[in-house]
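Novice: One structure, pasted below without further comment.
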Amino acid sequence: MHEMGIALQIVDIATASIPPNLGDVRVAKVNLKVGKLAAVVPDSLRFCFSVATKDTPLDGAELVIEELPVLARCKECSTQWTITNPVFQCQTCNSGSLEILSGRELDIESIEIAEEDKNDSG
Amino acid sequence: MILDNTAKGQKYYHHKDFPHNHHSHADDSASAISVQKSGTREIKVVRRVLDVNEKMAEENRKLFAENGVFVLNVMSSPGSGKTTTLEKTLAKILPEYKSAVIVGDICTTHDADRLAISGAPVVQINTDEFGGDCHLAAHVIDKAAGGLDLADIDLLIVENVGNLVCPAEFDIGEDSRVVILSVTEGEDKPAKYPLMFRECEAALLNKIDLLPYLDYDKDKAVEYIHQVHPDMPVFEISARTEEGFEPWIEWLHKKIKEKIG
């Protein structure tokens with residue numbers, strides 16, 4: 001539901017990440033990592049991103065979303081597994097004391113700058 | 001910023017009037033640049049999208065600690081009885097701890113009007129009149145806290161926007177988060193909104209006075225909560241009859257004492 005706010009934040013961070021010495025360039029791609037536990041719907045985010053990028057150096061850029069599984073490790077017996085159902089309990093020893101290793105991400109990994117094609121952006 | 005006095009000791013303003021904490025990080029961008037097969041140049045960024053909110057939340061947390069304020073973030077779906085629960089909670093906690101409330105709603109000041117009757121200072125935040133944000137973010141809490149005399153407050157309750165999805169994602173600088181669900185909702189709410197139930201420290205299962213009239217399986221609901229968050233304290237309450245409030249108030253007292261003594 002807050003995908004637009006997130007899209008605007010992505011545009012801000014990506015724009016600020018363009019090295020100043022590159023001048024007037026166009027961002028072709030933003031590579032994003034989204035954990036399955038993050039309260040973000042990738043399709044909604046892509047739609048919001050396409051709107052949020054209008055009239056910015058990211059206009060027409062592709063938002064590449066890598067979805068990361070929810071990976072847990074039991075603090076008692078060190079079993080490591082991927083959580084696919086909303087059951088946060090160790091399958092080996094039933095302990096509920098676990099560490100979430102991945103799944104909460106909402107990170108911009110990188111941006112990709114288009115080469116010499118800044119005039120044909122859409 | 002629009003600031004109206006709509007009730008005694010209560011302030012009301014619109015979230016959209018607050019500046020967002022957009023900032024420039026061009027200095028950080030001297031990171032690795034590599035040429036991709038597609039002919040684009042890749043520039044490493046590696047930043048959390050919500051890091052601006054997270055930094056603001058840390059600043060809030062520091063401010064609250066300096067002023068000896070315990071901050072409780074209360075979240076739930078709409079209609080689960082948050083405001084009634086907080087009205088009754090305030091009545092029981094106010095004699096011992098000076099309390100204030102920040103109320104987030106998309107629109108109207110109805111909840112703030114109700115909570116202001118307790119005598120506690122109440123700040124209403126409207127995220128927007130027609131739509132608006134689905135959660136309270138850290139910078140909104142920072143502004144709202146500016147309207148309160150923090151040095152004179154022991155407990156600050158934040159009644160978040162009724163929503164089980166987005167508020168779970170936004171740290172506001174609170175000490176503890178609790179979630180309220182009610183027996184008029186599905187038993188499987190915790191399984192449908194796991195992040196919320198993972199992120200909260202305790203759950204209040206409200207409206208238990210209605211159980212005789214419903215087909216609700218309370219044990220099943222508690223089982224779902226514990227699947228998502230094993231060992232999570234669950235307080236079965238009725239905000240209407242005040243049944244079951246004692247253990248909840250005791251828990252809250254303990255949490256406040258742990259922080260402010």
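Here, A, B, ... name the chains of the structure tokens in the order displayed, residue numbers run from 1 inside each chain, and ligands are numbered from 1 in the same displayed order.
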List as a ChimeraX atom specification the protein and nucleic acid residues near Pro42 in chain A, meaning an atom at most 10 Å away when only C-alpha atoms are counted, but skip any in the same chain fewer than 2 places from it.
Specialist: /A:3,34,36,39-40,44-48,63-67
Novice: Okay, now the selection with N, CA and C atoms, as a compact mmCIF listing (two decimals), in the first residue's frame?
Specialist:
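And here's again.txt as it stands now:
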```
# COMPACT_ATOMS: atom_id res chain seq x y z
N GLU A 3 3.67 1.52 -1.70
CA GLU A 3 4.64 1.32 -2.79
C GLU A 3 5.06 2.63 -3.45
N VAL A 34 14.35 -7.47 -2.85
CA VAL A 34 13.18 -7.39 -1.97
C VAL A 34 12.97 -8.74 -1.30
N LYS A 36 10.99 -11.61 0.82
CA LYS A 36 9.58 -12.06 0.78
C LYS A 36 8.80 -11.57 2.00
N ALA A 39 6.98 -5.77 3.32
CA ALA A 39 5.59 -5.46 3.00
C ALA A 39 5.51 -4.70 1.68
N VAL A 40 5.96 -5.37 0.61
CA VAL A 40 6.01 -4.73 -0.71
C VAL A 40 5.51 -5.72 -1.77
N SER A 44 3.05 -3.91 -7.90
CA SER A 44 2.62 -2.55 -7.55
C SER A 44 3.81 -1.61 -7.55
N LEU A 45 4.93 -2.11 -7.03
CA LEU A 45 6.12 -1.27 -6.96
C LEU A 45 6.61 -0.91 -8.36
N ARG A 46 6.59 -1.89 -9.29
CA ARG A 46 7.00 -1.62 -10.67
C ARG A 46 6.12 -0.56 -11.30
N PHE A 47 4.81 -0.66 -11.06
CA PHE A 47 3.87 0.32 -11.61
C PHE A 47 4.17 1.71 -11.04
N CYS A 48 4.30 1.79 -9.72
CA CYS A 48 4.57 3.08 -9.08
C CYS A 48 5.90 3.66 -9.55
N LEU A 63 12.94 -1.45 -13.54
CA LEU A 63 13.17 -1.81 -12.14
C LEU A 63 13.30 -3.33 -12.08
N VAL A 64 14.51 -3.79 -11.82
CA VAL A 64 14.75 -5.23 -11.76
C VAL A 64 14.67 -5.66 -10.29
N ILE A 65 13.68 -6.49 -10.00
CA ILE A 65 13.47 -6.88 -8.60
C ILE A 65 13.91 -8.33 -8.41
N GLU A 66 14.87 -8.52 -7.52
CA GLU A 66 15.26 -9.88 -7.16
C GLU A 66 14.58 -10.20 -5.83
N GLU A 67 13.69 -11.17 -5.85
CA GLU A 67 12.99 -11.54 -4.62
C GLU A 67 13.82 -12.54 -3.82
```
Novice: Quick one: contact table of chain A to chain B, 6 Å max, nearest atom pair and distance in Å to one decimal per residue, counting only C-alpha atoms, chain and number order, as a Markdown table?
Specialist:
```
| residue | atom | partner | partner_atom | distance |
| --- | --- | --- | --- | --- |
| A:Ala16 | CA | B:Ala26 | CA | 4.8 |
| A:Ser17 | CA | B:Ser29 | CA | 5.0 |
| A:Pro19 | CA | B:Ser29 | CA | 5.6 |
| A:Pro86 | CA | B:Ala191 | CA | 5.5 |
| A:Val87 | CA | B:Gln227 | CA | 4.8 |
| A:Phe88 | CA | B:Val228 | CA | 5.1 |
| A:Gly96 | CA | B:Pro230 | CA | 5.1 |
| A:Leu106 | CA | B:Val49 | CA | 5.8 |
| A:Asp107 | CA | B:Arg48 | CA | 4.3 |
| A:Ile108 | CA | B:Val46 | CA | 5.3 |
| A:Glu109 | CA | B:Val46 | CA | 4.3 |
| A:Ser110 | CA | B:Lys44 | CA | 4.3 |
| A:Ile111 | CA | B:Ile43 | CA | 5.3 |
| A:Glu112 | CA | B:Glu42 | CA | 4.2 |
| A:Ile113 | CA | B:Arg41 | CA | 5.0 |
| A:Ala114 | CA | B:Thr40 | CA | 4.9 |
| A:Glu115 | CA | B:Thr40 | CA | 5.7 |
```
Novice: Would you pick out the contacts of Trp81 in chain A at 7 Å or less, using only C-alpha atoms, so that residues sharing its chain but fewer than 3 positions from it are not included, and give the list as a list in words?
Specialist: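 Those residues are Leu71, Ala72 and Arg73 of chain A.
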Novice: Would you please extract all strand (DSSP E or B) residues from chain A, as assigned by DSSP on the backbone, and give them as a PDB file with N, CA and C atoms, in the first residue's frame?
Specialist:
```
ATOM      1  N   VAL A  27      19.516   6.798 -16.345  1.00  0.00           N
ATOM      2  CA  VAL A  27      19.606   5.502 -15.667  1.00  0.00           C
ATOM      3  C   VAL A  27      18.732   4.518 -16.431  1.00  0.00           C
ATOM      4  N   ALA A  28      19.332   3.380 -16.837  1.00  0.00           N
ATOM      5  CA  ALA A  28      18.594   2.401 -17.635  1.00  0.00           C
ATOM      6  C   ALA A  28      17.958   1.332 -16.753  1.00  0.00           C
ATOM      7  N   LYS A  29      18.597   1.067 -15.615  1.00  0.00           N
ATOM      8  CA  LYS A  29      18.138  -0.036 -14.765  1.00  0.00           C
ATOM      9  C   LYS A  29      18.412   0.276 -13.306  1.00  0.00           C
ATOM     10  N   VAL A  30      17.500  -0.149 -12.458  1.00  0.00           N
ATOM     11  CA  VAL A  30      17.751  -0.106 -11.019  1.00  0.00           C
ATOM     12  C   VAL A  30      17.603  -1.543 -10.526  1.00  0.00           C
ATOM     13  N   ASN A  31      18.646  -2.048  -9.887  1.00  0.00           N
ATOM     14  CA  ASN A  31      18.603  -3.418  -9.364  1.00  0.00           C
ATOM     15  C   ASN A  31      18.263  -3.386  -7.882  1.00  0.00           C
ATOM     16  N   LEU A  32      17.128  -4.015  -7.569  1.00  0.00           N
ATOM     17  CA  LEU A  32      16.577  -3.948  -6.212  1.00  0.00           C
ATOM     18  C   LEU A  32      16.452  -5.361  -5.639  1.00  0.00           C
ATOM     19  N   LYS A  33      16.725  -5.491  -4.344  1.00  0.00           N
ATOM     20  CA  LYS A  33      16.509  -6.782  -3.669  1.00  0.00           C
ATOM     21  C   LYS A  33      15.347  -6.616  -2.707  1.00  0.00           C
ATOM     22  N   VAL A  34      14.350  -7.472  -2.848  1.00  0.00           N
ATOM     23  CA  VAL A  34      13.183  -7.394  -1.968  1.00  0.00           C
ATOM     24  C   VAL A  34      12.966  -8.744  -1.295  1.00  0.00           C
ATOM     25  N   GLY A  35      13.015  -8.763   0.014  1.00  0.00           N
ATOM     26  CA  GLY A  35      12.764  -9.996   0.758  1.00  0.00           C
ATOM     27  C   GLY A  35      11.287 -10.329   0.746  1.00  0.00           C
ATOM     28  N   GLU A  62      14.244   0.491 -16.155  1.00  0.00           N
ATOM     29  CA  GLU A  62      13.634  -0.779 -15.745  1.00  0.00           C
ATOM     30  C   GLU A  62      13.948  -1.013 -14.270  1.00  0.00           C
ATOM     31  N   LEU A  63      12.939  -1.453 -13.535  1.00  0.00           N
ATOM     32  CA  LEU A  63      13.175  -1.812 -12.140  1.00  0.00           C
ATOM     33  C   LEU A  63      13.301  -3.329 -12.076  1.00  0.00           C
ATOM     34  N   VAL A  64      14.515  -3.789 -11.816  1.00  0.00           N
ATOM     35  CA  VAL A  64      14.748  -5.234 -11.755  1.00  0.00           C
ATOM     36  C   VAL A  64      14.672  -5.661 -10.289  1.00  0.00           C
ATOM     37  N   ILE A  65      13.681  -6.487  -9.997  1.00  0.00           N
ATOM     38  CA  ILE A  65      13.469  -6.883  -8.599  1.00  0.00           C
ATOM     39  C   ILE A  65      13.909  -8.329  -8.406  1.00  0.00           C
ATOM     40  N   GLU A  66      14.870  -8.516  -7.521  1.00  0.00           N
ATOM     41  CA  GLU A  66      15.264  -9.875  -7.158  1.00  0.00           C
ATOM     42  C   GLU A  66      14.585 -10.200  -5.833  1.00  0.00           C
ATOM     43  N   GLU A  67      13.687 -11.175  -5.852  1.00  0.00           N
ATOM     44  CA  GLU A  67      12.993 -11.539  -4.615  1.00  0.00           C
ATOM     45  C   GLU A  67      13.824 -12.537  -3.822  1.00  0.00           C
ATOM     46  N   LEU A  68      14.008 -12.262  -2.536  1.00  0.00           N
ATOM     47  CA  LEU A  68      14.825 -13.141  -1.702  1.00  0.00           C
ATOM     48  C   LEU A  68      13.938 -13.949  -0.758  1.00  0.00           C
ATOM     49  N   VAL A  70      12.678 -16.224   2.522  1.00  0.00           N
ATOM     50  CA  VAL A  70      12.827 -16.036   3.972  1.00  0.00           C
ATOM     51  C   VAL A  70      13.665 -17.202   4.495  1.00  0.00           C
ATOM     52  N   LEU A  71      14.875 -16.869   4.896  1.00  0.00           N
ATOM     53  CA  LEU A  71      15.830 -17.879   5.347  1.00  0.00           C
ATOM     54  C   LEU A  71      16.001 -17.734   6.860  1.00  0.00           C
ATOM     55  N   ALA A  72      15.810 -18.860   7.571  1.00  0.00           N
ATOM     56  CA  ALA A  72      15.911 -18.807   9.036  1.00  0.00           C
ATOM     57  C   ALA A  72      16.961 -19.775   9.546  1.00  0.00           C
ATOM     58  N   ARG A  73      17.500 -19.450  10.721  1.00  0.00           N
ATOM     59  CA  ARG A  73      18.446 -20.359  11.374  1.00  0.00           C
ATOM     60  C   ARG A  73      18.028 -20.504  12.833  1.00  0.00           C
ATOM     61  N   CYS A  74      17.946 -21.754  13.282  1.00  0.00           N
ATOM     62  CA  CYS A  74      17.526 -22.005  14.662  1.00  0.00           C
ATOM     63  C   CYS A  74      18.672 -21.636  15.611  1.00  0.00           C
ATOM     64  N   GLN A  80      19.232 -24.720   9.441  1.00  0.00           N
ATOM     65  CA  GLN A  80      18.959 -23.589   8.562  1.00  0.00           C
ATOM     66  C   GLN A  80      17.933 -24.022   7.515  1.00  0.00           C
ATOM     67  N   TRP A  81      16.900 -23.261   7.301  1.00  0.00           N
ATOM     68  CA  TRP A  81      15.891 -23.640   6.303  1.00  0.00           C
ATOM     69  C   TRP A  81      15.180 -22.423   5.736  1.00  0.00           C
ATOM     70  N   THR A  82      14.459 -22.671   4.625  1.00  0.00           N
ATOM     71  CA  THR A  82      13.692 -21.606   3.980  1.00  0.00           C
ATOM     72  C   THR A  82      12.246 -21.690   4.440  1.00  0.00           C
ATOM     73  N   ILE A  83      11.728 -20.585   4.941  1.00  0.00           N
ATOM     74  CA  ILE A  83      10.345 -20.561   5.418  1.00  0.00           C
ATOM     75  C   ILE A  83       9.430 -20.249   4.242  1.00  0.00           C
ATOM     76  N   LEU A  98      14.564 -18.187  16.713  1.00  0.00           N
ATOM     77  CA  LEU A  98      15.301 -18.259  15.459  1.00  0.00           C
ATOM     78  C   LEU A  98      15.729 -16.889  14.958  1.00  0.00           C
ATOM     79  N   GLU A  99      16.695 -16.967  14.092  1.00  0.00           N
ATOM     80  CA  GLU A  99      17.268 -15.764  13.517  1.00  0.00           C
ATOM     81  C   GLU A  99      16.832 -15.705  12.057  1.00  0.00           C
ATOM     82  N   ILE A 100      16.328 -14.581  11.625  1.00  0.00           N
ATOM     83  CA  ILE A 100      15.937 -14.435  10.217  1.00  0.00           C
ATOM     84  C   ILE A 100      17.174 -13.952   9.448  1.00  0.00           C
ATOM     85  N   LEU A 101      17.704 -14.816   8.598  1.00  0.00           N
ATOM     86  CA  LEU A 101      18.949 -14.480   7.882  1.00  0.00           C
ATOM     87  C   LEU A 101      18.679 -13.614   6.654  1.00  0.00           C
ATOM     88  N   SER A 102      17.551 -13.874   5.998  1.00  0.00           N
ATOM     89  CA  SER A 102      17.171 -13.019   4.875  1.00  0.00           C
ATOM     90  C   SER A 102      15.659 -13.029   4.731  1.00  0.00           C
ATOM     91  N   LEU A 106      15.000  -4.669   1.592  1.00  0.00           N
ATOM     92  CA  LEU A 106      14.418  -3.712   0.642  1.00  0.00           C
ATOM     93  C   LEU A 106      15.596  -2.791   0.315  1.00  0.00           C
ATOM     94  N   ASP A 107      16.497  -3.333  -0.514  1.00  0.00           N
ATOM     95  CA  ASP A 107      17.788  -2.682  -0.740  1.00  0.00           C
ATOM     96  C   ASP A 107      18.019  -2.390  -2.225  1.00  0.00           C
ATOM     97  N   ILE A 108      18.566  -1.228  -2.486  1.00  0.00           N
ATOM     98  CA  ILE A 108      19.018  -0.935  -3.848  1.00  0.00           C
ATOM     99  C   ILE A 108      20.445  -1.460  -3.959  1.00  0.00           C
ATOM    100  N   GLU A 109      20.639  -2.420  -4.854  1.00  0.00           N
ATOM    101  CA  GLU A 109      21.963  -2.992  -5.046  1.00  0.00           C
ATOM    102  C   GLU A 109      22.824  -2.091  -5.924  1.00  0.00           C
ATOM    103  N   SER A 110      22.254  -1.706  -7.069  1.00  0.00           N
ATOM    104  CA  SER A 110      23.045  -0.916  -8.019  1.00  0.00           C
ATOM    105  C   SER A 110      22.127  -0.219  -9.012  1.00  0.00           C
ATOM    106  N   ILE A 111      22.707   0.730  -9.714  1.00  0.00           N
ATOM    107  CA  ILE A 111      21.997   1.346 -10.837  1.00  0.00           C
ATOM    108  C   ILE A 111      22.853   1.118 -12.080  1.00  0.00           C
ATOM    109  N   GLU A 112      22.209   1.105 -13.239  1.00  0.00           N
ATOM    110  CA  GLU A 112      22.975   0.960 -14.480  1.00  0.00           C
ATOM    111  C   GLU A 112      22.716   2.182 -15.354  1.00  0.00           C
ATOM    112  N   ILE A 113      23.817   2.792 -15.768  1.00  0.00           N
ATOM    113  CA  ILE A 113      23.730   4.021 -16.568  1.00  0.00           C
ATOM    114  C   ILE A 113      23.740   3.660 -18.051  1.00  0.00           C
TER     115      ILE A 113
END
```
Novice: Near Pro247 in chain B, counting only C-alpha atoms, which residues have an atom at most 12 Å away, once you skip same-chain residues fewer than 2 positions from it, shown as a list in words?
Specialist: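 The filter keeps Thr89, Ala202, Leu204, Pro233, Val234, Phe235, Glu236, Ile237, Glu242, Glu243, Gly244, Phe245, Ile249, Glu250, Trp251, Leu252, His253 and Lys254 of chain B.
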Novice: So that I have them on file, write out the residues from the current selection with all heavy atoms, as a short mmCIF file (atom, residue, chain, number, x, y, z; two decimals), in the first residue's frame.
Specialist:
```cif
data_model
loop_
_atom_site.label_atom_id
_atom_site.label_comp_id
_atom_site.auth_asym_id
_atom_site.auth_seq_id
_atom_site.Cartn_x
_atom_site.Cartn_y
_atom_site.Cartn_z
N THR B 89 -7.07 1.71 28.67
CA THR B 89 -5.68 1.56 29.13
C THR B 89 -5.21 2.87 29.78
O THR B 89 -4.60 2.85 30.85
CB THR B 89 -4.76 1.17 27.94
OG1 THR B 89 -5.23 -0.06 27.40
CG2 THR B 89 -3.32 1.02 28.37
N ALA B 202 3.85 -8.19 21.77
CA ALA B 202 2.70 -8.81 22.44
C ALA B 202 1.47 -8.60 21.57
O ALA B 202 1.42 -7.68 20.75
CB ALA B 202 2.49 -8.19 23.81
N LEU B 204 -2.90 -8.37 21.66
CA LEU B 204 -4.12 -8.27 22.44
C LEU B 204 -5.26 -8.82 21.59
O LEU B 204 -5.46 -8.37 20.47
CB LEU B 204 -4.43 -6.81 22.81
CG LEU B 204 -3.62 -6.22 23.97
CD1 LEU B 204 -2.27 -5.75 23.49
CD2 LEU B 204 -4.37 -5.07 24.60
N PRO B 233 3.41 -13.15 24.12
CA PRO B 233 2.33 -13.01 25.09
C PRO B 233 1.03 -12.59 24.39
O PRO B 233 1.04 -11.70 23.55
CB PRO B 233 2.80 -11.89 26.03
CG PRO B 233 4.24 -11.66 25.70
CD PRO B 233 4.47 -12.18 24.31
N VAL B 234 -0.06 -13.27 24.70
CA VAL B 234 -1.37 -12.94 24.13
C VAL B 234 -2.30 -12.57 25.28
O VAL B 234 -2.50 -13.36 26.19
CB VAL B 234 -1.96 -14.12 23.34
CG1 VAL B 234 -3.32 -13.74 22.74
CG2 VAL B 234 -1.01 -14.57 22.22
N PHE B 235 -2.81 -11.35 25.27
CA PHE B 235 -3.74 -10.91 26.31
C PHE B 235 -5.15 -10.94 25.76
O PHE B 235 -5.46 -10.21 24.81
CB PHE B 235 -3.37 -9.51 26.80
CG PHE B 235 -1.98 -9.43 27.36
CD1 PHE B 235 -0.94 -8.82 26.65
CD2 PHE B 235 -1.68 -10.00 28.58
CE1 PHE B 235 0.34 -8.77 27.14
CE2 PHE B 235 -0.38 -9.95 29.10
CZ PHE B 235 0.63 -9.33 28.38
N GLU B 236 -5.97 -11.78 26.34
CA GLU B 236 -7.37 -11.86 25.89
C GLU B 236 -8.17 -10.84 26.68
O GLU B 236 -8.25 -10.92 27.91
CB GLU B 236 -7.89 -13.28 26.13
CG GLU B 236 -7.12 -14.30 25.31
CD GLU B 236 -7.48 -15.74 25.66
OE1 GLU B 236 -8.52 -15.97 26.31
OE2 GLU B 236 -6.71 -16.64 25.28
N ILE B 237 -8.71 -9.86 25.96
CA ILE B 237 -9.38 -8.75 26.65
C ILE B 237 -10.74 -8.42 26.01
O ILE B 237 -11.02 -8.81 24.89
CB ILE B 237 -8.51 -7.46 26.63
CG1 ILE B 237 -8.23 -7.02 25.17
CG2 ILE B 237 -7.21 -7.62 27.38
CD1 ILE B 237 -7.89 -5.56 25.02
N GLU B 242 -13.87 -4.49 30.01
CA GLU B 242 -12.58 -4.43 30.71
C GLU B 242 -12.14 -5.78 31.28
O GLU B 242 -11.24 -5.87 32.11
CB GLU B 242 -12.59 -3.35 31.82
CG GLU B 242 -12.80 -1.97 31.25
CD GLU B 242 -12.76 -0.87 32.29
OE1 GLU B 242 -12.07 -1.04 33.31
OE2 GLU B 242 -13.41 0.17 32.06
N GLU B 243 -12.78 -6.83 30.82
CA GLU B 243 -12.36 -8.18 31.21
C GLU B 243 -10.94 -8.42 30.70
O GLU B 243 -10.60 -8.03 29.58
CB GLU B 243 -13.34 -9.19 30.57
CG GLU B 243 -13.15 -10.61 31.06
CD GLU B 243 -14.06 -11.59 30.28
OE1 GLU B 243 -15.02 -11.14 29.64
OE2 GLU B 243 -13.76 -12.79 30.33
N GLY B 244 -10.12 -9.05 31.55
CA GLY B 244 -8.78 -9.44 31.13
C GLY B 244 -7.75 -8.31 31.06
O GLY B 244 -6.64 -8.51 30.56
N PHE B 245 -8.12 -7.12 31.55
CA PHE B 245 -7.19 -6.00 31.43
C PHE B 245 -6.00 -6.08 32.39
O PHE B 245 -4.94 -5.53 32.10
CB PHE B 245 -7.93 -4.66 31.65
CG PHE B 245 -8.23 -3.96 30.36
CD1 PHE B 245 -9.04 -4.55 29.41
CD2 PHE B 245 -7.68 -2.71 30.07
CE1 PHE B 245 -9.31 -3.93 28.20
CE2 PHE B 245 -7.94 -2.08 28.86
CZ PHE B 245 -8.75 -2.68 27.92
N ILE B 249 -2.26 -4.63 31.66
CA ILE B 249 -1.78 -3.42 32.31
C ILE B 249 -0.50 -3.73 33.11
O ILE B 249 0.45 -2.95 33.12
CB ILE B 249 -2.87 -2.81 33.23
CG1 ILE B 249 -4.09 -2.39 32.39
CG2 ILE B 249 -2.34 -1.63 34.04
CD1 ILE B 249 -3.86 -1.25 31.40
N GLU B 250 -0.49 -4.91 33.71
CA GLU B 250 0.69 -5.33 34.47
C GLU B 250 1.91 -5.44 33.56
O GLU B 250 3.01 -4.99 33.89
CB GLU B 250 0.39 -6.71 35.08
CG GLU B 250 1.10 -6.99 36.38
CD GLU B 250 0.61 -8.31 36.94
OE1 GLU B 250 -0.53 -8.34 37.47
OE2 GLU B 250 1.34 -9.30 36.79
N TRP B 251 1.70 -6.03 32.39
CA TRP B 251 2.77 -6.18 31.40
C TRP B 251 3.29 -4.80 30.97
O TRP B 251 4.50 -4.56 30.91
CB TRP B 251 2.23 -6.95 30.18
CG TRP B 251 3.25 -7.23 29.11
CD1 TRP B 251 4.09 -8.31 29.03
CD2 TRP B 251 3.51 -6.43 27.94
NE1 TRP B 251 4.86 -8.22 27.89
CE2 TRP B 251 4.53 -7.08 27.20
CE3 TRP B 251 3.00 -5.22 27.44
CZ2 TRP B 251 5.04 -6.57 26.01
CZ3 TRP B 251 3.52 -4.71 26.24
CH2 TRP B 251 4.52 -5.39 25.54
N LEU B 252 2.35 -3.90 30.72
CA LEU B 252 2.72 -2.55 30.27
C LEU B 252 3.50 -1.81 31.37
O LEU B 252 4.52 -1.17 31.10
CB LEU B 252 1.46 -1.79 29.87
CG LEU B 252 1.64 -0.39 29.24
CD1 LEU B 252 2.54 -0.43 28.03
CD2 LEU B 252 0.28 0.20 28.86
N HIS B 253 3.01 -1.93 32.61
CA HIS B 253 3.72 -1.33 33.75
C HIS B 253 5.16 -1.81 33.80
O HIS B 253 6.09 -1.02 33.99
CB HIS B 253 3.03 -1.76 35.06
CG HIS B 253 2.02 -0.76 35.54
ND1 HIS B 253 2.36 0.38 36.21
CD2 HIS B 253 0.67 -0.74 35.46
CE1 HIS B 253 1.26 1.06 36.51
NE2 HIS B 253 0.21 0.40 36.05
N LYS B 254 5.32 -3.12 33.65
CA LYS B 254 6.65 -3.73 33.74
C LYS B 254 7.56 -3.16 32.65
O LYS B 254 8.71 -2.81 32.91
CB LYS B 254 6.51 -5.25 33.60
CG LYS B 254 7.72 -6.02 34.05
CD LYS B 254 7.45 -7.52 34.07
CE LYS B 254 8.68 -8.30 33.70
NZ LYS B 254 8.71 -8.80 32.33
#
```
Novice: If we count only C-alpha atoms, what is near Ala100 in chain B at a cut-off of 12 Å, once residues fewer than 3 positions away on the same chain are taken out, given as an MDAnalysis selection string?
Specialist: chainID B and resid 9:11 69:72 86:87 89:91 93:94 97 103 112 115:124 144:145 147:159
